[in-house]
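One file, entry25.cif, carrying mmCIF, C-alpha atoms, pLDDT in the B column; chains and numbers go by the auth columns:
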data_structure
loop_
_atom_site.group_PDB
_atom_site.id
_atom_site.type_symbol
_atom_site.label_atom_id
_atom_site.label_comp_id
_atom_site.label_asym_id
_atom_site.label_seq_id
_atom_site.Cartn_x
_atom_site.Cartn_y
_atom_site.Cartn_z
_atom_site.B_iso_or_equiv
_atom_site.auth_seq_id
_atom_site.auth_asym_id
ATOM 1 C CA MET A 1 2.061 14.632 -19.724 79.00 1 A
ATOM 2 C CA ILE A 2 1.510 15.068 -15.984 90.00 2 A
ATOM 3 C CA ALA A 3 3.237 18.453 -15.530 91.00 3 A
ATOM 4 C CA PRO A 4 0.641 20.558 -17.413 95.00 4 A
ATOM 5 C CA ILE A 5 -2.193 18.775 -15.625 95.00 5 A
ATOM 6 C CA THR A 6 -0.531 19.386 -12.271 94.00 6 A
ATOM 7 C CA GLN A 7 -0.413 23.093 -13.108 95.00 7 A
ATOM 8 C CA CYS A 8 -4.155 23.007 -13.836 97.00 8 A
ATOM 9 C CA LEU A 9 -4.798 21.833 -10.275 97.00 9 A
ATOM 10 C CA ILE A 10 -3.792 25.302 -9.068 96.00 10 A
ATOM 11 C CA ASP A 11 -5.800 27.211 -11.682 97.00 11 A
ATOM 12 C CA GLN A 12 -8.338 29.667 -10.249 96.00 12 A
ATOM 13 C CA ASP A 13 -11.199 28.339 -12.400 97.00 13 A
ATOM 14 C CA PRO A 14 -13.046 25.514 -10.618 97.00 14 A
ATOM 15 C CA LYS A 15 -13.936 23.915 -13.965 98.00 15 A
ATOM 16 C CA VAL A 16 -10.245 23.640 -14.821 98.00 16 A
ATOM 17 C CA GLN A 17 -9.516 22.191 -11.378 98.00 17 A
ATOM 18 C CA VAL A 18 -12.272 19.585 -11.781 98.00 18 A
ATOM 19 C CA ALA A 19 -10.987 18.623 -15.227 98.00 19 A
ATOM 20 C CA ALA A 20 -7.441 18.327 -13.848 98.00 20 A
ATOM 21 C CA CYS A 21 -8.635 16.130 -10.963 98.00 21 A
ATOM 22 C CA ASP A 22 -10.501 13.925 -13.411 97.00 22 A
ATOM 23 C CA ALA A 23 -7.422 13.636 -15.617 97.00 23 A
ATOM 24 C CA ILE A 24 -5.161 12.758 -12.666 97.00 24 A
ATOM 25 C CA PHE A 25 -7.716 10.175 -11.530 97.00 25 A
ATOM 26 C CA ASN A 26 -7.730 8.514 -14.949 96.00 26 A
ATOM 27 C CA ILE A 27 -3.947 8.631 -15.294 95.00 27 A
ATOM 28 C CA THR A 28 -3.580 7.070 -11.856 95.00 28 A
ATOM 29 C CA LYS A 29 -6.129 4.405 -12.762 94.00 29 A
ATOM 30 C CA CYS A 30 -4.209 3.487 -15.914 94.00 30 A
ATOM 31 C CA TYR A 31 -0.590 3.931 -14.850 92.00 31 A
ATOM 32 C CA ARG A 32 -0.936 3.121 -11.149 90.00 32 A
ATOM 33 C CA GLU A 33 2.541 2.707 -9.629 88.00 33 A
ATOM 34 C CA GLU A 34 4.155 4.878 -12.307 92.00 34 A
ATOM 35 C CA VAL A 35 2.256 7.892 -10.975 91.00 35 A
ATOM 36 C CA LEU A 36 3.585 7.212 -7.480 89.00 36 A
ATOM 37 C CA LYS A 37 7.125 7.123 -8.873 90.00 37 A
ATOM 38 C CA SER A 38 6.622 10.274 -10.939 90.00 38 A
ATOM 39 C CA ARG A 39 8.737 13.299 -10.120 92.00 39 A
ATOM 40 C CA HIS A 40 5.442 15.220 -10.077 92.00 40 A
ATOM 41 C CA PHE A 41 3.855 13.084 -7.380 93.00 41 A
ATOM 42 C CA ASP A 42 4.675 15.487 -4.538 94.00 42 A
ATOM 43 C CA ALA A 43 3.006 18.360 -6.393 94.00 43 A
ATOM 44 C CA ILE A 44 -0.006 16.201 -7.245 95.00 44 A
ATOM 45 C CA PHE A 45 -0.395 15.059 -3.653 95.00 45 A
ATOM 46 C CA TYR A 46 0.031 18.556 -2.192 96.00 46 A
ATOM 47 C CA ASN A 47 -2.436 20.131 -4.624 97.00 47 A
ATOM 48 C CA ILE A 48 -5.042 17.396 -4.179 97.00 48 A
ATOM 49 C CA ILE A 49 -4.890 17.784 -0.395 97.00 49 A
ATOM 50 C CA THR A 50 -5.228 21.556 -0.831 97.00 50 A
ATOM 51 C CA LEU A 51 -8.254 21.121 -3.109 98.00 51 A
ATOM 52 C CA ILE A 52 -9.960 18.852 -0.570 97.00 52 A
ATOM 53 C CA GLY A 53 -10.100 21.939 1.658 97.00 53 A
ATOM 54 C CA THR A 54 -11.698 24.179 -0.968 96.00 54 A
ATOM 55 C CA ASN A 55 -15.137 25.726 -0.586 96.00 55 A
ATOM 56 C CA HIS A 56 -16.203 24.635 -4.064 97.00 56 A
ATOM 57 C CA PRO A 57 -18.142 21.366 -3.578 97.00 57 A
ATOM 58 C CA GLU A 58 -17.536 19.885 -7.033 98.00 58 A
ATOM 59 C CA VAL A 59 -13.790 20.509 -6.836 98.00 59 A
ATOM 60 C CA ARG A 60 -13.695 19.059 -3.316 98.00 60 A
ATOM 61 C CA ASP A 61 -15.601 15.930 -4.404 98.00 61 A
ATOM 62 C CA PHE A 62 -13.300 15.304 -7.367 98.00 62 A
ATOM 63 C CA ALA A 63 -10.217 15.908 -5.228 98.00 63 A
ATOM 64 C CA LYS A 64 -11.487 13.365 -2.688 98.00 64 A
ATOM 65 C CA LYS A 65 -12.010 10.889 -5.523 98.00 65 A
ATOM 66 C CA VAL A 66 -8.391 11.339 -6.619 97.00 66 A
ATOM 67 C CA ASP A 67 -7.189 11.026 -3.025 97.00 67 A
ATOM 68 C CA GLU A 68 -9.010 7.706 -2.661 97.00 68 A
ATOM 69 C CA LYS A 69 -7.574 6.445 -5.959 96.00 69 A
ATOM 70 C CA ILE A 70 -4.063 7.363 -4.837 95.00 70 A
ATOM 71 C CA LYS A 71 -4.597 5.595 -1.492 94.00 71 A
ATOM 72 C CA ASP A 72 -5.966 2.500 -3.263 94.00 72 A
ATOM 73 C CA THR A 73 -2.954 2.513 -5.568 93.00 73 A
ATOM 74 C CA VAL A 74 -0.512 2.787 -2.682 92.00 74 A
ATOM 75 C CA PHE A 75 -2.175 -0.099 -0.821 92.00 75 A
ATOM 76 C CA ALA A 76 -2.300 -2.230 -3.979 90.00 76 A
ATOM 77 C CA CYS A 77 1.386 -1.633 -4.651 87.00 77 A
ATOM 78 C CA LEU A 78 2.298 -2.447 -1.068 87.00 78 A
ATOM 79 C CA SER A 79 0.291 -5.669 -1.049 86.00 79 A
ATOM 80 C CA THR A 80 2.015 -6.994 -4.188 77.00 80 A
ATOM 81 C CA LYS A 81 5.524 -6.585 -2.766 64.00 81 A
#

Serialized structure, structure tokens:
Amino acid sequence: MIAPITQCLIDQDPKVQVAACDAIFNITKCYREEVLKSRHFDAIFYNIITLIGTNHPEVRDFAKKVDEKIKDTVFACLSTK
């Protein structure tokens, strides 16, 4: 389920990138630690960081939202161990 969404993060259309960020955000919200353990996590993380540097404000804002959700998830997982 995550692989096609990860590919959408590198699409040239900002609308597709925003939709992919939103999907990753919601998946991370629901599946939390499982996303961190996913074999696609490195690609997600790399592409989100890349999108934070984009010139398109909506894409950048959504990418920042995903970045914060990932950070929150990491801290939550660390605090329960």

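Interatomic distance, CA of Ile52 in chain A against CA of Thr28 in chain A: 17.5 Å.
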
Counting all atoms listed in the file, which residues have an atom no more than 12 Å from (-13.2, 16.2, -5.5) in the file's coordinates? Please list them as number ranges by chain. A: 9, 14-15, 17-25, 47-69

Given 4 Å on each side, where is the centre and what are the edge lengths in Å to one decimal of the axis-aligned box enclosing the listed atoms of range 25-36 of chain A, as lines of an AutoDock Vina configuration file?
center_x = -1.8
center_y = 6.4
center_z = -11.7
size_x = 19.9
size_y = 15.5
size_z = 16.4

Between A:Tyr31, A:Leu78, A:Ile70, A:Ala43, single out the one closest to Pro4 in chain A, counting only C-alpha atoms.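 Comparing A:Tyr31, A:Leu78, A:Ile70, A:Ala43 against Pro4 in chain A, the winner is A:Ala43.
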
Nearest to Asp72 in chain A among A:Val16, A:Leu36, A:Ile2, A:Gln7, with distances taken over all atoms listed in the file: which residue is it?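 Nearest to Asp72 in chain A: A:Leu36.
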
Pick from A:Val74, A:Val35, A:Thr80, A:Ile44 nearest to Ile5 in chain A, counting all atoms listed in the file: A:Ile44

If I take CA of Asp11 in chain A and CA of Thr73 in chain A, how far is one from the other in Å, to one decimal?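 So the answer is 25.6 Å.
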
So what do you get for CA of Ser79 in chain A versus CA of Lys29 in chain A, distance-wise? 16.7 Å
